[in-house]
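Below is one structure, written out as C-alpha cells; the observations come after it.
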Amino acid sequence: LALLPTVAVAARQTIALLLRNRLLWLLFAAQLLLGGLAFGLGGVTRERLDGRELYCVLAWWFEAGVVLPWATLYLAVQAVHGDIEDRTFQYLFLRPVGRHGLLLGKWLAVVVLAAVLVLAGGTTLYLGIAARPGIWTDGVDPGLWRAFAVLSCLGAVAYAAIGVWFAATFRRPLVWAALFAVAQMVVALMPVSAGVRWLTVADPLRRF
C-alpha cells in the first residue's frame, strides 16, 4: 500500500481496537454525566461565579487540564505499545506496508477518539450551564463552546503525537507519559513569564 491508504487502514483498525477498551467507554459515560454536575453547580455557585466563569473554570481545569492530556496519552500508548506487548508488530512489519504510515494512522485514530471524548465532555458541560440562563450576566455565549471545541482538537493533535512518540521510543511509555503529565501540571503553577512553560502543551493552549 502507498502512504495514504496505509494511514487510512491503520487508523480504521486502530479505532476498531480502541473501541473495545472498557476504560474508554467509562470515560465517555463520565463525560456525559458532567452535564448534570454542571447544572447542579450552576445553582450553588450563582452568587460567586456567573455562567461564563463557571464554564471556563470547569472546561479548562478539568477537561483541558486533566481529561485531555491523560486520556489522549493513554490512548496513544495503548494504540502503539499494545502491538509491541502482544507482538502483533512482528506480523505488521512483515507485511508490505510502510512503518511511517502505520504510526501516522495510529496517531490519527487517537486524535479522532480523544477529540470526540473531550468534545463530549465540553458539550455536556456547556449544555448543563446553559440550562441556567439566569446565571449568565451577559447572556448565554455559544462562542465559549466553539473556542473550547477548537482547543480540544488542537490539544488532541499535540498530546497524541507525544503519546505515540513515547510508545514507539520507550519500554515504559505509560510511566513516561504520566511523568510528562505531572510535570506539565507542576510547570503550570509557575509564573506566566517562566520560559519553561513553552515546553508544555498546556501553555500554548492556555494562550489560545
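So you can find residues: chains in the C-alpha cells are A, B, ... in the order shown, residues in each start at 1, and ligands are numbered from 1 in order.
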
Item to check | Non-local contacts of Gly35 (chain A) (9 Å; only C-alpha atoms; under 2 positions in same chain excluded) as a ChimeraX atom specification | outcome: /A:31-33,37-40,121-129

Export N, CA and C atoms of the chosen residues as a compact mmCIF listing (two decimals), in the first residue's frame?
```
# COMPACT_ATOMS: atom_id res chain seq x y z
N GLN A 31 -18.08 11.53 31.00
CA GLN A 31 -18.20 12.81 30.32
C GLN A 31 -19.66 13.22 30.15
N LEU A 32 -20.50 12.25 29.84
CA LEU A 32 -21.91 12.56 29.63
C LEU A 32 -22.62 12.93 30.93
N LEU A 33 -22.08 12.49 32.06
CA LEU A 33 -22.68 12.84 33.35
C LEU A 33 -22.30 14.24 33.81
N LEU A 37 -23.76 17.50 36.60
CA LEU A 37 -22.91 18.13 37.61
C LEU A 37 -22.82 19.63 37.38
N ALA A 38 -22.63 20.02 36.13
CA ALA A 38 -22.54 21.45 35.81
C ALA A 38 -23.85 22.17 36.12
N PHE A 39 -24.97 21.52 35.83
CA PHE A 39 -26.28 22.12 36.13
C PHE A 39 -26.44 22.34 37.63
N GLY A 40 -26.01 21.33 38.43
CA GLY A 40 -26.10 21.47 39.88
C GLY A 40 -25.20 22.56 40.42
N GLY A 121 -17.42 15.89 26.65
CA GLY A 121 -17.43 16.48 27.97
C GLY A 121 -17.65 17.98 27.94
N GLY A 122 -16.98 18.66 27.02
CA GLY A 122 -17.15 20.11 26.92
C GLY A 122 -18.55 20.51 26.51
N THR A 123 -19.16 19.69 25.66
CA THR A 123 -20.52 19.99 25.21
C THR A 123 -21.54 19.78 26.32
N THR A 124 -21.41 18.68 27.06
CA THR A 124 -22.36 18.45 28.16
C THR A 124 -22.19 19.49 29.26
N LEU A 125 -20.94 19.91 29.51
CA LEU A 125 -20.72 21.00 30.47
C LEU A 125 -21.45 22.26 30.03
N TYR A 126 -21.28 22.59 28.77
CA TYR A 126 -21.90 23.81 28.25
C TYR A 126 -23.43 23.73 28.32
N LEU A 127 -23.97 22.59 27.92
CA LEU A 127 -25.43 22.45 27.93
C LEU A 127 -25.97 22.51 29.36
N GLY A 128 -25.23 21.91 30.31
CA GLY A 128 -25.67 21.94 31.70
C GLY A 128 -25.71 23.35 32.27
N ILE A 129 -24.69 24.14 31.94
CA ILE A 129 -24.63 25.51 32.46
C ILE A 129 -25.57 26.42 31.67
```

Checklist entry - What's the 10 Å shell around region 134-150 of chain A, counting only C-alpha atoms, without same-chain residues fewer than 4 positions away, as a ChimeraX atom specification? => result /A:42-43,45-47,49-56,59-60,63-64,115-116,118-120,122-123,125-127,129-130,154-156,205,208

Store the residues of this selection in a file with N, CA, C and O atoms, as a short mmCIF file (atom, residue, chain, number, x, y, z; two decimals), in the first residue's frame.
```cif
data_model
loop_
_atom_site.label_atom_id
_atom_site.label_comp_id
_atom_site.auth_asym_id
_atom_site.auth_seq_id
_atom_site.Cartn_x
_atom_site.Cartn_y
_atom_site.Cartn_z
N GLY A 42 -24.26 25.14 38.86
CA GLY A 42 -24.79 26.43 38.45
C GLY A 42 -25.77 27.00 39.46
O GLY A 42 -25.86 28.22 39.63
N GLY A 43 -26.47 26.13 40.15
CA GLY A 43 -27.40 26.61 41.17
C GLY A 43 -26.72 26.93 42.48
O GLY A 43 -27.21 27.76 43.26
N THR A 45 -23.29 27.95 42.83
CA THR A 45 -22.25 28.98 42.74
C THR A 45 -22.72 30.25 42.04
O THR A 45 -21.90 31.08 41.66
N ARG A 46 -24.01 30.42 41.87
CA ARG A 46 -24.50 31.57 41.10
C ARG A 46 -24.10 32.91 41.73
O ARG A 46 -23.98 33.92 41.04
N GLU A 47 -23.89 32.95 43.06
CA GLU A 47 -23.52 34.21 43.71
C GLU A 47 -22.03 34.49 43.60
O GLU A 47 -21.60 35.62 43.83
N LEU A 49 -19.85 32.80 40.93
CA LEU A 49 -19.41 32.68 39.54
C LEU A 49 -20.62 32.79 38.63
O LEU A 49 -21.66 32.17 38.88
N ASP A 50 -20.49 33.59 37.56
CA ASP A 50 -21.57 33.59 36.59
C ASP A 50 -21.35 32.44 35.62
O ASP A 50 -20.37 31.69 35.72
N GLY A 51 -22.26 32.26 34.67
CA GLY A 51 -22.19 31.11 33.77
C GLY A 51 -20.90 31.06 32.96
O GLY A 51 -20.32 30.00 32.78
N ARG A 52 -20.44 32.22 32.49
CA ARG A 52 -19.22 32.27 31.70
C ARG A 52 -18.01 31.80 32.51
O ARG A 52 -17.22 30.98 32.06
N GLU A 53 -17.88 32.33 33.72
CA GLU A 53 -16.75 31.96 34.57
C GLU A 53 -16.80 30.50 34.97
O GLU A 53 -15.78 29.81 34.98
N LEU A 54 -17.99 30.00 35.30
CA LEU A 54 -18.13 28.60 35.71
C LEU A 54 -17.75 27.66 34.57
O LEU A 54 -17.03 26.67 34.79
N TYR A 55 -18.20 27.96 33.35
CA TYR A 55 -17.86 27.10 32.22
C TYR A 55 -16.35 27.13 31.95
O TYR A 55 -15.74 26.08 31.70
N CYS A 56 -15.76 28.30 31.99
CA CYS A 56 -14.32 28.41 31.72
C CYS A 56 -13.52 27.65 32.76
O CYS A 56 -12.53 26.98 32.43
N ALA A 59 -14.23 23.79 32.13
CA ALA A 59 -13.71 23.35 30.84
C ALA A 59 -12.19 23.37 30.82
O ALA A 59 -11.57 22.46 30.27
N TRP A 60 -11.58 24.39 31.42
CA TRP A 60 -10.12 24.48 31.36
C TRP A 60 -9.45 23.56 32.38
O TRP A 60 -8.62 22.73 32.04
N GLU A 63 -11.46 19.57 32.00
CA GLU A 63 -11.41 18.94 30.68
C GLU A 63 -10.03 19.10 30.03
O GLU A 63 -9.39 18.12 29.67
N ALA A 64 -9.60 20.36 29.87
CA ALA A 64 -8.33 20.60 29.18
C ALA A 64 -7.12 20.27 30.04
O ALA A 64 -6.06 19.94 29.53
N ALA A 115 -10.37 13.67 20.62
CA ALA A 115 -11.12 14.90 20.36
C ALA A 115 -12.61 14.70 20.60
O ALA A 115 -13.27 15.54 21.22
N VAL A 116 -13.14 13.57 20.14
CA VAL A 116 -14.57 13.29 20.35
C VAL A 116 -14.87 13.14 21.84
O VAL A 116 -15.89 13.64 22.34
N VAL A 118 -13.27 14.48 24.50
CA VAL A 118 -13.22 15.75 25.22
C VAL A 118 -14.32 16.69 24.74
O VAL A 118 -14.89 17.45 25.53
N LEU A 119 -14.65 16.63 23.45
CA LEU A 119 -15.76 17.44 22.95
C LEU A 119 -17.08 17.02 23.61
O LEU A 119 -17.94 17.87 23.87
N ALA A 120 -17.23 15.73 23.85
CA ALA A 120 -18.45 15.27 24.53
C ALA A 120 -18.55 15.87 25.92
O ALA A 120 -19.62 16.35 26.33
N GLY A 122 -16.98 18.66 27.02
CA GLY A 122 -17.15 20.11 26.92
C GLY A 122 -18.55 20.51 26.51
O GLY A 122 -19.09 21.52 26.98
N THR A 123 -19.16 19.69 25.66
CA THR A 123 -20.52 19.99 25.21
C THR A 123 -21.54 19.78 26.32
O THR A 123 -22.44 20.61 26.52
N LEU A 125 -20.94 19.91 29.51
CA LEU A 125 -20.72 21.00 30.47
C LEU A 125 -21.45 22.26 30.03
O LEU A 125 -22.14 22.92 30.82
N TYR A 126 -21.28 22.59 28.77
CA TYR A 126 -21.90 23.81 28.25
C TYR A 126 -23.43 23.73 28.32
O TYR A 126 -24.09 24.69 28.75
N LEU A 127 -23.97 22.59 27.92
CA LEU A 127 -25.43 22.45 27.93
C LEU A 127 -25.97 22.51 29.36
O LEU A 127 -27.04 23.09 29.60
N ILE A 129 -24.69 24.14 31.94
CA ILE A 129 -24.63 25.51 32.46
C ILE A 129 -25.57 26.42 31.67
O ILE A 129 -26.20 27.33 32.23
N ALA A 130 -25.68 26.18 30.35
CA ALA A 130 -26.59 26.99 29.54
C ALA A 130 -28.05 26.76 29.93
O ALA A 130 -28.91 27.61 29.65
N LEU A 154 -7.00 20.86 18.89
CA LEU A 154 -5.57 21.19 18.86
C LEU A 154 -4.81 20.41 19.93
O LEU A 154 -3.71 19.89 19.69
N GLY A 155 -5.39 20.33 21.12
CA GLY A 155 -4.74 19.59 22.20
C GLY A 155 -4.64 18.11 21.89
O GLY A 155 -3.62 17.47 22.19
N ALA A 156 -5.68 17.54 21.28
CA ALA A 156 -5.64 16.12 20.92
C ALA A 156 -4.53 15.84 19.91
O ALA A 156 -3.84 14.82 20.00
N LEU A 205 -2.00 26.18 24.67
CA LEU A 205 -3.47 26.06 24.69
C LEU A 205 -4.09 27.15 25.55
O LEU A 205 -5.12 27.72 25.21
N PHE A 208 -4.05 30.35 23.71
CA PHE A 208 -5.10 30.33 22.68
C PHE A 208 -6.46 30.66 23.29
O PHE A 208 -7.25 31.41 22.72
#
```

Next on the checklist: Taking the DSSP secondary structure from the backbone, can you list the residues of region 15-153 of chain A that are alpha helix (DSSP H), as a PyMOL selection string?
Outcome noted: chain A and resi 15-18+22-44+51-57+68-85+88-94+99-130+142-153

Checklist entry - Neighbours of Gln13 (chain A) within 9 Å (only C-alpha atoms; same-chain residues fewer than 5 positions away dropped), as a count of residues only? => result 5
